[in-house]
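Participant: Mind having a look at this structure? Questions to follow.
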Amino acid sequence: VTLRIETSQSNGSETAVGAVFGFEVQQVWLVDETFCTAAAQGETVERTRTLQHWPSRLRLRLPQRSPPTTDSWGLRRILLTDTASGRSFEVLRACWNEGCDEVADNTTRRVWSDSEYNEYEVPQLHPPEWLLGPWGSCCCPSGNNFSSGCTPGEQPRAVQCSEDTPGACSTIGTRPAEVKTCQDYSHCPFDPFCPLGLDNDVGASCEGQALGLLGLLLTMVLVLGLTCRFCKWRWFACHSKCLSSRVVHPTAVSEEGHAREGRQLAPRQGGKADGRAARGDDVEMVFHSAHVG
């Protein structure tokens with residue numbers, strides 16, 4: 001196996017005394033060996049050792065010196081590689097910038113003692129496998145559930161190899177699908193132009209629902225227009241009937257005027273000439289009454 005340790009870029013991460021290391025194999029700690037005698041800031045140091053079995057744990061400490069020396073070693077990443085297969089495993093995941101600083105809950109990244117070990121679990125040497133995440137929600141036709149790569153009608157999931165070594169999972173088959181088609185949009189927000197949703201149980205697309213909604217609105221407008229025209233026609237008919245009932249017919253006016261004038265001229269009907277004059281006056285008055293009416 002090859003043990004590779006990367007020194008962090010944090011201030012004071014370099015070591016002037018180096019470190020010793022040891023592996024636990026089948027529940028037995030092997031004798032410690034010198035890993036390095038010094039390491040500069042940002043430097044990567046590696047060591048290869050032959051083992052009968054894959055180790056289960058790794059330990060590190062500073063070498064013992066007399067007199068004791070105050071020193072420490074800041075770590076960025078620890079990588080263990082199976083040289084037979086070329087597969088690599090992160091024993092200590094990489095850190096960046098302030099993540100590599102020495103803090104209370106980050107003591108595994110600083111080797112500081114020559115008597116107490118820093119111990120790390122080594123991932124088991126299982127055949128690589130594809131790690132499949134759960135299927136996500138069906139991507140809504142409007143908006144974005146996950147990222148800019150969300151495509152309506154697709155349902156995504158996370159797919160990754162159990163090992164970080166490039167191409168480690170290529171020997172166990174093709175990469176599983178990360179997306180699949182879907183028609184379950186029950187979780188999507190309400191769309192006024194698609195009121196029934198896009199579930200396949202409905203059996204109607206959003207385009208069809210939008211056309212149906214448009215047709216319904218046009219029908220409502222048409223019915224409302226016809227109703228308004230009918231009400232307007234009824235109003236005019238009623239109004240005209242009411243006006244006609246108030247108008248006095250000219251014949252009735254002339255007859256009424258003739259009767260009134262006849263009564264006024266009755267005392268003058270003694271002579272023939274007076275009778276003609278009376279009838280003439282009567283005709284003239286009737287004419288005026290009809291004209292005024």
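Quick note on naming: the chains in the structure tokens go A, B, ... in the order shown, residues restart at 1 in each chain, and ligands are numbered from 1 in order of appearance.
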So which residues touch Cys169 in chain A within 7 Å, counting only C-alpha atoms, skipping near sequence neighbours fewer than 6 positions away, as an MDAnalysis selection string?

Facilitator: chainID A and resid 128:130 161

Participant: Using DSSP on the backbone, list every residue of range 1-207 of chain A that comes out as strand (DSSP E or B), and give them as an MDAnalysis selection string.

Facilitator: chainID A and resid 2:7 15 19:25 28:29 33:36 39 44:48 57:61 73:82 87:92 110:111 118:121 130:132 154:156 159:161 179:181

Participant: Of the candidates A:Ser56, A:Ser162, A:Thr219, A:Gln27, which one gets nearest to Arg87 in chain A if we count only C-alpha atoms?

Facilitator: A:Ser162

Participant: Range 120-123 of chain A: which residues within 6 Å, counting only C-alpha atoms, same-chain residues fewer than 5 positions away excluded, as number ranges by chain?

Facilitator: A: 56-58, 91

Participant: Would you kindly return, as a list in words, each protein, DNA or RNA residue with an atom no farther than 7 Å from any atom of Arg61 in chain A, considering only C-alpha atoms and excluding same-chain residues fewer than 6 positions away?

Facilitator: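 Neighbouring residues, sequence-local ones excluded: Ala19, Val20, Phe21, Val111, Ser113, Asp114, Ser115, Glu116, Tyr117 and Asn118 of chain A.
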
Participant: For those residues, write N, CA, C and O atoms to a file as a PDB file, in the first residue's frame.

Facilitator:
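Wrote it out as part_27.pdb, contents follow:
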```pdb
ATOM      1  N   ALA A  19       7.330  12.652  11.369  1.00  0.00           N
ATOM      2  CA  ALA A  19       6.333  11.846  12.078  1.00  0.00           C
ATOM      3  C   ALA A  19       6.626  10.374  11.863  1.00  0.00           C
ATOM      4  O   ALA A  19       7.361   9.979  10.950  1.00  0.00           O
ATOM      5  N   VAL A  20       6.030   9.541  12.755  1.00  0.00           N
ATOM      6  CA  VAL A  20       6.078   8.094  12.600  1.00  0.00           C
ATOM      7  C   VAL A  20       4.657   7.600  12.376  1.00  0.00           C
ATOM      8  O   VAL A  20       3.687   8.265  12.754  1.00  0.00           O
ATOM      9  N   PHE A  21       4.505   6.421  11.759  1.00  0.00           N
ATOM     10  CA  PHE A  21       3.178   5.894  11.466  1.00  0.00           C
ATOM     11  C   PHE A  21       3.143   4.399  11.710  1.00  0.00           C
ATOM     12  O   PHE A  21       4.186   3.722  11.760  1.00  0.00           O
ATOM     13  N   VAL A 111      -1.054  16.893  14.021  1.00  0.00           N
ATOM     14  CA  VAL A 111      -0.269  15.911  14.774  1.00  0.00           C
ATOM     15  C   VAL A 111       0.670  16.714  15.676  1.00  0.00           C
ATOM     16  O   VAL A 111       1.576  17.406  15.184  1.00  0.00           O
ATOM     17  N   SER A 113       1.657  15.522  19.280  1.00  0.00           N
ATOM     18  CA  SER A 113       2.227  14.845  20.442  1.00  0.00           C
ATOM     19  C   SER A 113       3.199  13.750  20.018  1.00  0.00           C
ATOM     20  O   SER A 113       3.023  13.130  18.962  1.00  0.00           O
ATOM     21  N   ASP A 114       4.207  13.499  20.847  1.00  0.00           N
ATOM     22  CA  ASP A 114       5.139  12.391  20.597  1.00  0.00           C
ATOM     23  C   ASP A 114       4.807  11.173  21.444  1.00  0.00           C
ATOM     24  O   ASP A 114       5.534  10.163  21.408  1.00  0.00           O
ATOM     25  N   SER A 115       3.697  11.245  22.202  1.00  0.00           N
ATOM     26  CA  SER A 115       3.288  10.107  23.027  1.00  0.00           C
ATOM     27  C   SER A 115       1.848   9.666  22.738  1.00  0.00           C
ATOM     28  O   SER A 115       1.514   8.497  22.911  1.00  0.00           O
ATOM     29  N   GLU A 116       0.989  10.595  22.317  1.00  0.00           N
ATOM     30  CA  GLU A 116      -0.398  10.269  21.988  1.00  0.00           C
ATOM     31  C   GLU A 116      -0.570  10.236  20.472  1.00  0.00           C
ATOM     32  O   GLU A 116      -0.086  11.119  19.760  1.00  0.00           O
ATOM     33  N   TYR A 117      -1.280   9.203  20.012  1.00  0.00           N
ATOM     34  CA  TYR A 117      -1.462   9.017  18.569  1.00  0.00           C
ATOM     35  C   TYR A 117      -2.713   9.742  18.052  1.00  0.00           C
ATOM     36  O   TYR A 117      -3.702   9.873  18.776  1.00  0.00           O
ATOM     37  N   ASN A 118      -2.624  10.143  16.822  1.00  0.00           N
ATOM     38  CA  ASN A 118      -3.818  10.483  16.049  1.00  0.00           C
ATOM     39  C   ASN A 118      -4.226   9.233  15.288  1.00  0.00           C
ATOM     40  O   ASN A 118      -3.449   8.730  14.466  1.00  0.00           O
TER      41      ASN A 118
END
```

Participant: Pick from A:Val223, A:Asp82, A:Gln26, A:Ala16: nearest to Thr48 in chain A, with only C-alpha atoms counted?

Facilitator: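 Smallest distance to Thr48 in chain A is found for A:Asp82.
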
Participant: Give me the residues within 8 Å of Thr165 in chain A as a PyMOL selection string, counting only C-alpha atoms and dropping any in the same chain fewer than 6 places off.

Facilitator: chain A and resi 86-89

Participant: Excluding Pro176 in chain A and its own-chain neighbours fewer than 2 positions away, which residues fall within 8 Å of it when counting only C-alpha atoms? Please give them as a ChimeraX atom specification.

Facilitator: /A:130,159,174,178

Participant: What's around range 2-4 of chain A at 8 Å? Count only C-alpha atoms, leave out sequence neighbours fewer than 6 positions away in its own chain, and write the answer as a count of residues only.

Facilitator: 12

Participant: In Å, rounded to a single decimal, give me how far CA of Ser66 in chain A is from CA of Gln41 in chain A.

Facilitator: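 We find that CA of Gln41 in chain A and CA of Ser66 in chain A lie 24.9 Å from each other.
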
Participant: Would you please work out which residue, of A:Gln52, A:Asp101, A:Thr69, A:Cys138, is nearest to Thr7 in chain A when using only C-alpha atoms?

Facilitator: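 Closest candidate: A:Asp101.
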